[in-house]
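Shown next: input33.cif, containing mmCIF, C-alpha atoms.
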data_input
#
loop_
_atom_site.group_PDB
_atom_site.id
_atom_site.type_symbol
_atom_site.label_atom_id
_atom_site.label_comp_id
_atom_site.auth_asym_id
_atom_site.auth_seq_id
_atom_site.Cartn_x
_atom_site.Cartn_y
_atom_site.Cartn_z
ATOM 1 C CA SER A 1 -2.340 -13.240 17.380
ATOM 2 C CA LEU A 2 -1.681 -12.804 13.693
ATOM 3 C CA LYS A 3 -1.039 -16.058 11.831
ATOM 4 C CA ASP A 4 2.075 -14.595 10.190
ATOM 5 C CA ALA A 5 4.565 -12.483 12.143
ATOM 6 C CA ARG A 6 5.144 -9.400 10.008
ATOM 7 C CA GLN A 7 6.694 -5.962 9.845
ATOM 8 C CA HIS A 8 6.419 -3.094 7.329
ATOM 9 C CA HIS A 9 2.812 -4.128 6.547
ATOM 10 C CA THR A 10 -0.423 -2.132 6.424
ATOM 11 C CA ALA A 11 -3.637 -2.258 8.440
ATOM 12 C CA THR A 12 -6.805 -0.782 6.933
ATOM 13 C CA LEU A 13 -10.151 -0.307 8.666
ATOM 14 C CA LEU A 14 -12.900 -1.628 6.371
ATOM 15 C CA LEU A 15 -16.421 -0.199 6.156
ATOM 16 C CA ASP A 16 -17.851 -3.217 8.023
ATOM 17 C CA GLY A 17 -15.525 -2.640 11.003
ATOM 18 C CA ARG A 18 -13.027 -5.404 10.238
ATOM 19 C CA VAL A 19 -9.325 -4.649 9.804
ATOM 20 C CA LEU A 20 -7.424 -5.837 6.727
ATOM 21 C CA VAL A 21 -3.696 -6.514 7.295
ATOM 22 C CA THR A 22 -1.668 -6.887 4.106
ATOM 23 C CA GLY A 23 1.836 -8.023 3.191
ATOM 24 C CA GLY A 24 4.983 -6.947 4.974
ATOM 25 C CA ARG A 25 8.224 -8.731 5.707
ATOM 26 C CA GLY A 26 8.629 -11.906 7.700
ATOM 27 C CA ILE A 27 10.576 -12.116 10.936
ATOM 28 C CA ASP A 28 13.771 -12.947 9.028
ATOM 29 C CA GLY A 29 13.668 -9.421 7.575
ATOM 30 C CA LEU A 30 14.153 -10.750 4.037
ATOM 31 C CA SER A 31 11.059 -12.697 3.043
ATOM 32 C CA THR A 32 8.314 -10.529 1.590
ATOM 33 C CA LEU A 33 4.772 -11.642 2.381
ATOM 34 C CA ALA A 34 1.757 -11.922 0.106
ATOM 35 C CA SER A 35 -0.441 -13.153 2.936
ATOM 36 C CA CYS A 36 -3.338 -11.085 4.243
ATOM 37 C CA GLU A 37 -5.433 -11.424 7.364
ATOM 38 C CA LEU A 38 -8.737 -10.011 8.589
ATOM 39 C CA TYR A 39 -9.391 -9.055 12.210
ATOM 40 C CA SER A 40 -12.969 -9.052 13.454
ATOM 41 C CA PRO A 41 -13.438 -6.912 16.578
ATOM 42 C CA LYS A 42 -16.898 -8.469 17.070
ATOM 43 C CA THR A 43 -15.416 -11.928 17.618
ATOM 44 C CA ASN A 44 -11.849 -10.857 18.550
ATOM 45 C CA THR A 45 -10.481 -13.303 15.957
ATOM 46 C CA TRP A 46 -8.131 -13.301 12.978
ATOM 47 C CA SER A 47 -8.848 -15.144 9.749
ATOM 48 C CA ALA A 48 -6.915 -15.615 6.540
ATOM 49 C CA CYS A 49 -8.127 -13.918 3.393
ATOM 50 C CA ALA A 50 -7.058 -13.993 -0.226
ATOM 51 C CA PRO A 51 -3.325 -13.274 -0.639
ATOM 52 C CA LEU A 52 -1.939 -10.300 -2.514
ATOM 53 C CA LEU A 53 -1.100 -10.935 -6.165
ATOM 54 C CA VAL A 54 2.448 -9.652 -5.498
ATOM 55 C CA ALA A 55 4.274 -10.061 -2.186
ATOM 56 C CA ARG A 56 5.176 -6.580 -0.900
ATOM 57 C CA SER A 57 6.314 -4.530 2.082
ATOM 58 C CA HIS A 58 6.640 -0.755 2.655
ATOM 59 C CA HIS A 59 3.503 -0.283 0.538
ATOM 60 C CA ALA A 60 0.440 1.876 1.184
ATOM 61 C CA ALA A 61 -3.182 0.742 1.529
ATOM 62 C CA THR A 62 -6.107 3.124 1.171
ATOM 63 C CA LEU A 63 -9.810 2.519 1.724
ATOM 64 C CA LEU A 64 -11.822 3.669 -1.295
ATOM 65 C CA ASP A 65 -15.283 5.226 -1.002
ATOM 66 C CA ASP A 66 -16.949 2.041 -2.299
ATOM 67 C CA GLY A 67 -15.319 -0.123 0.408
ATOM 68 C CA ARG A 68 -12.571 -1.636 -1.699
ATOM 69 C CA VAL A 69 -8.898 -1.204 -0.723
ATOM 70 C CA LEU A 70 -6.204 0.156 -3.050
ATOM 71 C CA VAL A 71 -2.666 -1.147 -2.374
ATOM 72 C CA THR A 72 0.152 0.789 -4.036
ATOM 73 C CA GLY A 73 3.833 0.143 -4.622
ATOM 74 C CA GLY A 74 6.169 -1.139 -1.947
ATOM 75 C CA THR A 75 9.098 -3.489 -2.349
ATOM 76 C CA THR A 76 9.484 -7.164 -3.077
ATOM 77 C CA HIS A 77 12.496 -9.351 -2.335
ATOM 78 C CA GLU A 78 14.743 -10.929 -4.951
ATOM 79 C CA SER A 79 17.648 -13.286 -4.419
ATOM 80 C CA VAL A 80 19.943 -13.763 -7.427
ATOM 81 C CA ASP A 81 23.074 -15.900 -7.053
ATOM 82 C CA GLY A 82 22.919 -15.511 -3.283
ATOM 83 C CA ASN A 83 22.650 -11.715 -3.438
ATOM 84 C CA ASN A 84 19.583 -10.318 -1.731
ATOM 85 C CA ARG A 85 17.920 -7.092 -2.790
ATOM 86 C CA PHE A 86 14.606 -5.346 -2.535
ATOM 87 C CA VAL A 87 12.999 -4.075 -5.723
ATOM 88 C CA ALA A 88 10.585 -1.132 -5.695
ATOM 89 C CA LEU A 89 7.194 -1.762 -7.305
ATOM 90 C CA ASN A 90 4.955 0.416 -9.457
ATOM 91 C CA SER A 91 2.168 -2.169 -9.390
ATOM 92 C CA THR A 92 -1.163 -1.718 -7.645
ATOM 93 C CA GLU A 93 -3.862 -4.096 -6.454
ATOM 94 C CA ILE A 94 -7.464 -3.622 -5.398
ATOM 95 C CA TYR A 95 -9.133 -5.797 -2.749
ATOM 96 C CA ASP A 96 -12.881 -6.385 -2.748
ATOM 97 C CA PRO A 97 -13.815 -7.467 0.804
ATOM 98 C CA LYS A 98 -17.297 -8.582 -0.284
ATOM 99 C CA LYS A 99 -15.821 -11.121 -2.724
ATOM 100 C CA ASN A 100 -12.470 -11.709 -0.938
ATOM 101 C CA VAL A 101 -10.692 -11.115 -4.263
ATOM 102 C CA TRP A 102 -7.637 -9.109 -5.323
ATOM 103 C CA THR A 103 -7.439 -7.719 -8.861
ATOM 104 C CA ALA A 104 -4.519 -6.015 -10.523
ATOM 105 C CA GLY A 105 -4.899 -2.265 -10.739
ATOM 106 C CA PRO A 106 -3.220 0.051 -13.215
ATOM 107 C CA PRO A 107 0.499 0.611 -12.581
ATOM 108 C CA MET A 108 1.789 3.916 -11.258
ATOM 109 C CA ALA A 109 4.251 5.880 -13.388
ATOM 110 C CA ASP A 110 6.931 5.552 -10.691
ATOM 111 C CA ALA A 111 7.996 2.508 -8.708
ATOM 112 C CA ARG A 112 7.987 3.581 -5.060
ATOM 113 C CA ASN A 113 8.090 2.389 -1.472
ATOM 114 C CA GLY A 114 7.832 4.289 1.800
ATOM 115 C CA HIS A 115 5.363 6.689 0.165
ATOM 116 C CA THR A 116 2.049 8.081 1.379
ATOM 117 C CA ALA A 117 -1.433 7.579 -0.047
ATOM 118 C CA VAL A 118 -4.310 9.814 1.043
ATOM 119 C CA ARG A 119 -7.960 9.530 -0.015
ATOM 120 C CA LEU A 120 -9.197 12.981 -0.943
ATOM 121 C CA ASN A 121 -12.698 14.366 -0.424
ATOM 122 C CA ASP A 122 -13.607 13.658 -4.072
ATOM 123 C CA GLY A 123 -12.760 9.946 -3.623
ATOM 124 C CA THR A 124 -9.487 10.045 -5.554
ATOM 125 C CA VAL A 125 -6.224 8.907 -3.938
ATOM 126 C CA LEU A 126 -3.112 11.084 -3.866
ATOM 127 C CA VAL A 127 0.185 9.163 -3.759
ATOM 128 C CA ALA A 128 3.262 11.235 -2.899
ATOM 129 C CA GLY A 129 6.988 10.689 -2.658
ATOM 130 C CA GLY A 130 8.675 7.470 -1.641
ATOM 131 C CA ALA A 131 11.895 5.958 -2.930
ATOM 132 C CA ARG A 132 13.218 3.530 -5.454
ATOM 133 C CA GLU A 133 15.292 0.636 -4.184
ATOM 134 C CA GLN A 134 18.474 2.637 -4.783
ATOM 135 C CA ARG A 135 17.214 5.100 -2.175
ATOM 136 C CA THR A 136 16.506 7.769 -4.768
ATOM 137 C CA HIS A 137 13.935 9.905 -2.969
ATOM 138 C CA LEU A 138 11.003 10.824 -5.176
ATOM 139 C CA ALA A 139 9.233 14.159 -5.448
ATOM 140 C CA SER A 140 6.656 12.787 -7.885
ATOM 141 C CA VAL A 141 2.950 12.819 -7.054
ATOM 142 C CA GLU A 142 0.224 10.795 -8.760
ATOM 143 C CA ARG A 143 -3.565 10.732 -8.385
ATOM 144 C CA PHE A 144 -5.692 7.589 -8.761
ATOM 145 C CA THR A 145 -9.283 8.007 -9.923
ATOM 146 C CA PRO A 146 -11.353 4.914 -9.054
ATOM 147 C CA ALA A 147 -14.171 5.802 -11.476
ATOM 148 C CA THR A 148 -11.807 5.594 -14.459
ATOM 149 C CA ASN A 149 -9.305 3.156 -12.886
ATOM 150 C CA SER A 150 -6.487 5.456 -13.976
ATOM 151 C CA TRP A 151 -3.510 7.475 -12.725
ATOM 152 C CA ALA A 152 -2.606 11.078 -13.563
ATOM 153 C CA ALA A 153 0.532 13.024 -12.702
ATOM 154 C CA GLU A 154 0.182 15.929 -10.285
ATOM 155 C CA ALA A 155 2.529 18.784 -9.356
ATOM 156 C CA PRO A 156 5.619 17.345 -7.637
ATOM 157 C CA LEU A 157 6.648 17.897 -4.044
ATOM 158 C CA ALA A 158 9.125 20.733 -3.477
ATOM 159 C CA VAL A 159 11.545 18.173 -1.977
ATOM 160 C CA GLY A 160 11.783 14.428 -2.590
ATOM 161 C CA ARG A 161 10.695 12.488 0.514
ATOM 162 C CA TRP A 162 10.746 8.925 1.812
ATOM 163 C CA MET A 163 9.110 7.512 4.969
ATOM 164 C CA HIS A 164 7.213 10.765 5.529
ATOM 165 C CA THR A 165 3.632 11.284 6.686
ATOM 166 C CA ALA A 166 0.655 12.932 5.011
ATOM 167 C CA ALA A 167 -2.760 13.959 6.278
ATOM 168 C CA LEU A 168 -5.906 15.412 4.764
ATOM 169 C CA THR A 169 -6.971 18.646 6.484
ATOM 170 C CA SER A 170 -10.571 19.697 7.118
ATOM 171 C CA ASN A 171 -10.422 22.130 4.172
ATOM 172 C CA GLY A 172 -9.259 19.405 1.761
ATOM 173 C CA ASP A 173 -5.545 20.252 1.602
ATOM 174 C CA VAL A 174 -2.899 17.573 2.093
ATOM 175 C CA VAL A 175 -0.090 18.262 4.581
ATOM 176 C CA VAL A 176 3.139 16.324 3.988
ATOM 177 C CA ALA A 177 5.630 16.279 6.853
ATOM 178 C CA GLY A 178 9.064 14.884 7.589
ATOM 179 C CA GLY A 179 10.786 12.110 5.726
#
Taking this structure as input, can you express it in the form of structure tokens?
Amino acid sequence: SLKDARQHHTATLLLDGRVLVTGGRGIDGLSTLASCELYSPKTNTWSACAPLLVARSHHAATLLDDGRVLVTGGTTHESVDGNNRFVALNSTEIYDPKKNVWTAGPPMADARNGHTAVRLNDGTVLVAGGAREQRTHLASVERFTPATNSWAAEAPLAVGRWMHTAALTSNGDVVVAGG
């Protein structure tokens, strides 16, 4: 079993066959987790790994060509004067499984959660849609280039989407559905 019960987290298959589970919300539905865990199918065991720099849920995690993992956006929980709210994030983090270290990545132009992130054939990552905490659905699209550690705006979606899916086709196109 996982050490921390969680929902709205990510699970990413690493190049060495382990699975990286990041963030999410605790069982109370309010606490946002920074904890991360690694599953080893060889030993059928879970182990703790370095925590995220920022606790987050409803984020995306994408395996990069070099084996690192890019985590984008999501929400974090704030409680001010007894009022609870979730705040959308534009921050990114990159995990190096060889060093078990997270480093801050460059921020996205838009804070977003419930978005998609797809690694393209050229090794860049396309992030599409999502929402701000006020449930404003985003049509914006951004592309991360690992070689330059930078983001660039791309043509927006025809319709703003949140909690949709996206898949890379065999000819290199990205299909976005639902939301």
**Long-range neighbours of Leu13 of chain A as a PyMOL selection string, 12 Å cut-off, all atoms listed in the file, 6 positions minimum in chain** = chain A and resi 19-22+38-41+61-64+67-69+97
**Message:** I'd like the residues picked by the PyMOL selection byres ((chain A and resi 54) around 10) written out as a ChimeraX atom specification, using the chain letters and numbers from the file.
**Reply:** /A:23,32-35,51-53,55-57,73-76,89,91-93,104
**Item:** Atom pair atom CA of His137 of chain A / atom CA of Asn171 of chain A: separation (Å)
**Value:**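 Going from atom CA of His137 of chain A over to atom CA of Asn171 of chain A covers 28.2 Å.
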**Message:** Just to confirm, what's the straight-line distance from atom CA of Ala152 of chain A to atom CA of Arg85 of chain A in Å (one decimal)?
**Reply:**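 One can read the atom CA of Ala152 of chain A to atom CA of Arg85 of chain A distance as 29.5 Å.
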**Request:** Determine the residue set returned by the PyMOL selection byres ((chain A and resi 147) around 12) for the present structure, and present it as a PyMOL selection string.
**Result:** chain A and resi 64-66+122-125+144-146+148-151
**Request:** Can you give me, as a PyMOL selection string, the residues this file yields under the PyMOL selection byres ((chain A and resi 130) around 7)?
**Result:** chain A and resi 112-115+128-129+131+137-138+161-163
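Minimum atom-to-atom distance to Asp96 of chain A, evaluated using only C-alpha atoms, belongs to A:Leu15 out of A:Leu15, A:Ile27, A:Ala5, A:Val159.
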**Fill in**
Across A:His8, A:Lys3, A:Arg119, A:Arg143, the smallest distance to Pro106 of chain A, with all atoms listed in the file counted, is shown by A:Arg143
**Request:** Measure the distance from atom CA of Leu14 of chain A to atom CA of Trp46 of chain A in Å and round it to one decimal.
**Result:**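 Atom CA of Leu14 of chain A sits 14.2 Å away from atom CA of Trp46 of chain A.
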**Request:** Identify, on the basis of only C-alpha atoms, every residue whose closest approach to Val174 of chain A does not exceed 10 Å; exclude the query and any residue fewer than 4 positions from it along the same chain; express the result as a ChimeraX atom specification.
**Result:** /A:118-120,126,166-170
**Prompt:** What would the list of residues within 12 Å of (13.4, -13.1, 12.0) (file frame) look like as a PyMOL selection string, if only C-alpha atoms are what count?
**Reply:** chain A and resi 4-7+25-32
**Item:** Minimum-distance residue to Arg18 of chain A, chosen among A:Asn100, A:Asn83, A:Lys42, A:Arg132 (using only C-alpha atoms)
**Value:**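 Looking at the shortest contact to Arg18 of chain A, the residue is A:Lys42.
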**Request:** Pick out the closest residue to Glu78 of chain A from this set: A:Leu157, A:Cys49, A:Glu133, A:Gly179. Count only C-alpha atoms.
**Result:** A:Glu133
**Prompt:** So, counting only C-alpha atoms, which residue among A:Ser140, A:Val71, A:Val87, A:His77 is closest to Pro107 of chain A?
**Reply:** A:Val71
**Prompt:** Hey, which of A:Ala117, A:Ala109, A:His9, A:Ile94 ends up closest to Val175 of chain A? Count all atoms listed in the file.
**Reply:** A:Ala117
